[in-house]
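A.B. asks: First the structure, which I've put down as structure tokens, then a few questions once you've had a look.
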Amino acid sequence: MSSSAPAGNETGNQPSAPSPLYIAWRTSAIASAVFCAVVALAMLVRDLTSRKEDPLNSHTLAALKQQLLASPNDESLKQKIRELDLQVRHDYFTVLRFKQTGAWLLVIGTAVFLYSARKAGRLRETPPLPGPAPDPAESHLRAAARARNTAGAAMVLLAIASLGLAIPHRSRVPATEAELERLLAGGAGTETNASEPLPTATEAAATWPRFLGPTGNAFATNVSIPDAIDPTNKVGVCWRTSVEVFGYSSPVVSGGRVFLTSGDETNRYVLCYDGNSGELLWKRLVRDLPGSPQKQPEIPAGTGFAAPSPATDGQRVYAIFGNGDLAAFKFDGTLLWGKNMGVPDNPYGHAQSLLVWRDRLIVPMDQSEAAKNRSKLFMLEGATGKVIWEKTRPVPSSWATPIVIEAGGLTQIITLGGSWVISYNAVDGTELWRAECLSGEIAPSPIFAADLVFAISPNDRIIAIRPDGRGDVTKTHLAWSYDENIPDIPSPVSNGTFVFVVSTPGVVTCLDAKTGAKVWDHDFELEVNATPAIARDRIIIAGKKGRVVILQAGAELKELTQFDLGEEIFASPALVADKIYLRTAAALYCIGEARPNAQSTP
Amino acid sequence: MRGRSFYSLVLSGAAAVWNAVAEQRFPPPEFESGHQLPVTTVPPPRALWQEYADVAVLLVCLGLACYLVYRRRSRRGVWWLSIFSLIYFGFYRKGCICPIGAPQNVALGFFEPAYAVPVVVAVFFIAPLLVALFAGRTFCAAVCPHGALQDLLLIKPVKVPTWLETGLSVIPYIYLGTGVFFAAAGSAFVICRYDPFVPFFRLSGGLTILAVGGGFIFVSMFVGRPYCRFLCPYGALLRLTSLVSKWRVRITPDFCTKCRLCEESCPFGAIRAPVPPPANPMELSPDRRRLGLFLVALPALIAVFALIGNRVAAPAALVHPTVALAERYLDPAKPPPPKVPTPDSLALERADHDPASVLSEAVRIKRRFSRAGWWFGGWVGLVIGVRLISLTARPVRADYEPDRGSCFACGRCFMFCPNERLRLGLISPSELPGAEPSRTDTPLVASVDTGKPKIAL
């Protein structure tokens, strides 16, 4: 078949012998084709042989660099590396230049070949001479039938090839979020999984595993406290035990053990007491962990090194200090792992407590200014301390401890910081929603009750937020707010029906949890730093100077009892097994019905 | 005053253009070292005015191609324009941006809210299609660098049987669906990644793709435009729009004498012989039965392939680097890290720090692939079904004419027509072949035809 129109002066007869011009063009075409083939072959060979000279993948160079790590002062080795590096680069760019030259030679050779071949072809082309005409209809039918068969065959081949690809394929990646959660909970991709089961729900209910209780809302439904408490006459006090070194952190309780942290710029400790007797079971020094600063940071005395409360998952207790040291201990005091999370850049000192979720540890590290993007939220593996995910937060320093809630079909981590309440997906740290409703220095922590998140904007207002939104919910999900006698340090507490806030000067306000309407308020004239706790129907408010007031947690203001410990109280109480564990500046109290084997230490 | 503000405008415009040309994303340090900053991307990013210049060149070339094909009917003009397009869009612009890959950008723009299709890409996608609605595949004739290269390489054309070409004509549509599938799933632009000619425009590429491209080049010497006819995904769209184009290429400028001299003139098998209507309408019964069968089977075909597409989506998702990384991370038999870190080993190390994030993203991507797989499979079933249905139709043609969808408007066939030679004064009227004329209502001088093929069942 001829692809170009015949020349106007040519006859329809093909020349019998090739003309010299045709031979010349044909020779030129063959020569240029051979030239192209030789150049292409040379480039291929050069490419295949030069792969080991890639400076990025030079094994010799990598091996020498490894040697240099072992002996960093070996000058002759350094010189050898430099020379080899230069040689490898020189070879690499030589090959590159070779290939570039070869490419242009190929282009020119191909152009010559095409031109010569076309010229030769034109000299030998024959004009069209149609043969006998076939029956057009029959030809079309035959062609259409074959075309249908071809299309059908292509369809079958495609189906077989696709199924051949799909059927044997087994994906390890889960298909749904629920499967992913199960996979992650089982420790996906890690070498060791949790060797012992975590506490059951019943067991978990008998613990106070983190600051302000299991949910971060200091409300214990199954704890009863004595009606009469008089520490002076040892009524309603099980035991008192001294705590040597001071710390602002609150006690946490699990498995009958009470854990505290204490410390200063010299030493930092994790302490474990027997919950029934008050006996000090063990005391562990937390120092010189990997990454620990050589020089301790200066932290204001009003916060100290042991302000963040520890946390426990029933197998391990975790503690963090104001210099960024983070450690995990087994319940027998064995150190599991420890590391430094970086010295927090916090003007008042780091005070955000730890919290646990399943077998993981959540470490909030809000610090510095928002624009510097240094605030982070970490999710670590409890068993190993490995970072599962970390999220940079657009907030400055804050001192509020996050909470984990189940809402909107997801497990959410609710955080406060700067002007934001931000919710993250606990599985992967994805931000779910945020609300811009805070101001000032955020110290009170959020709580979750009555399907609402309650957050305090210090000295400003308390806000109730519906946690089932997505994106910026500032304008859509704020249920109510209240702005009288709002604290700047204590967090709120709720029994699901009422929300109680205690201002630092001691004004206690009871609000309806659903509507935010004030039910009652009263000024008890006691300075309060500690967040109150609710045991069944009683709210326990610990004043800074040691006076503790217990009220009815209901629609009417009713004071039930008061007592004075005579020691400063900064920490929030822990309520477990009909006991109140209350830390003062110098001691740990266990308040409840006295047991025979309890003891007190001066 | 007016003159002064005019000159200010000109000067400020020139300054803006100058700044645009001089703009560098990562400006060099302020001291002179003589070091030349390497070009890190191929092709390097262009200033905005240069991109608009590319658009202008495209539009001018499209217009010129239409003029050369329909008014001048000049094969030589088309040839020279295709050389220019090969040099400009191929070797100078290095094959990017090109309309062949643009459907992927459009697909990604539809399905990824964070991605906005650049204006230039949108124009490259739409302009040839709009022109095809009026003038057929003139883009393929003289503007596409891929087509121009293959045209140039054609030395000794070998005829591909029409039935084979027609039967395999589903492949470009399936390839188009594949490109859109992967782009919509946000994973890869496979059409661009596996383009066989772009490495030659850039004079560099991986060994595999160069070998494939070399294969296409070799085949192009004997089979006319193999990529265009059997693979080009944009050609699939052009074929569809050309079927309904306002004007179409005619071999003869006047009337067809059925001299058959043009039968073998097209190296791309686009010329269709006249087909008379069936003498006996009963001859159409088998075709009608077959048509009914294919119409009934079409939904089933779509459903079956949709299911297959959904199943194929799982292995297809491995193209996405995050899914591939997640699979490697979860592989219990993953090898130890190499001595010399590779990008893959470094990515795996980063995944160790944040597995939940990687796995969660992989789950999301797989779900997206799964949804896209349904649509892709359904599209494949639809394409095959419609092709089978179209093959039951029996067209009626009075003259030799190019197939609307297959004709690349290259103009090779013009000079084979004696009426064209008559128009150019190369022969006298007495030298016309004595075929029975079948006059149309169109004038004698070369013009465009607005007739449409008739189809009988």
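Residues in the structure tokens are numbered from 1 in each chain, the chains being A, B, ... in the order shown, and ligands are numbered from 1 in the order shown.
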I need the residues in segment 349-466 of chain A that are strand (DSSP E) according to DSSP; give them as a ChimeraX atom specification.

C.D. replies: /A:355-357,360-365,376-381,387-392,403-407,410-417,420-425,431-436,447-449,452-457,461-465

A.B. asks: For segment 147-151 of chain B, find every residue with an atom within 10 Å (counting only C-alpha atoms), except residues of its own chain fewer than 4 positions away, and show them as an NGL selection string.

C.D. replies: :B and (78-87 or 90 or 139-143 or 155 or 197 or 201 or 216-229 or 232 or 267 or 408 or 410)

A.B. asks: I'd like the contact shell of Arg371 of chain B - 12 Å cut-off, only C-alpha atoms, skipping same-chain residues fewer than 2 positions apart - returned as JSON, numbers by chain.

C.D. replies: {"B": [111, 181, 182, 184, 185, 306, 307, 309, 310, 311, 312, 313, 314, 317, 364, 365, 366, 367, 368, 369, 373, 374, 375, 376, 377, 378]}

A.B. asks: Measuring atom to atom with only C-alpha atoms, identify which of B:Ile302, B:Asp254, B:Gly405, B:Asp331 is nearest to Arg423 of chain B.

C.D. replies: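 Of the candidates, the smallest distance to Arg423 of chain B is held by B:Asp254.
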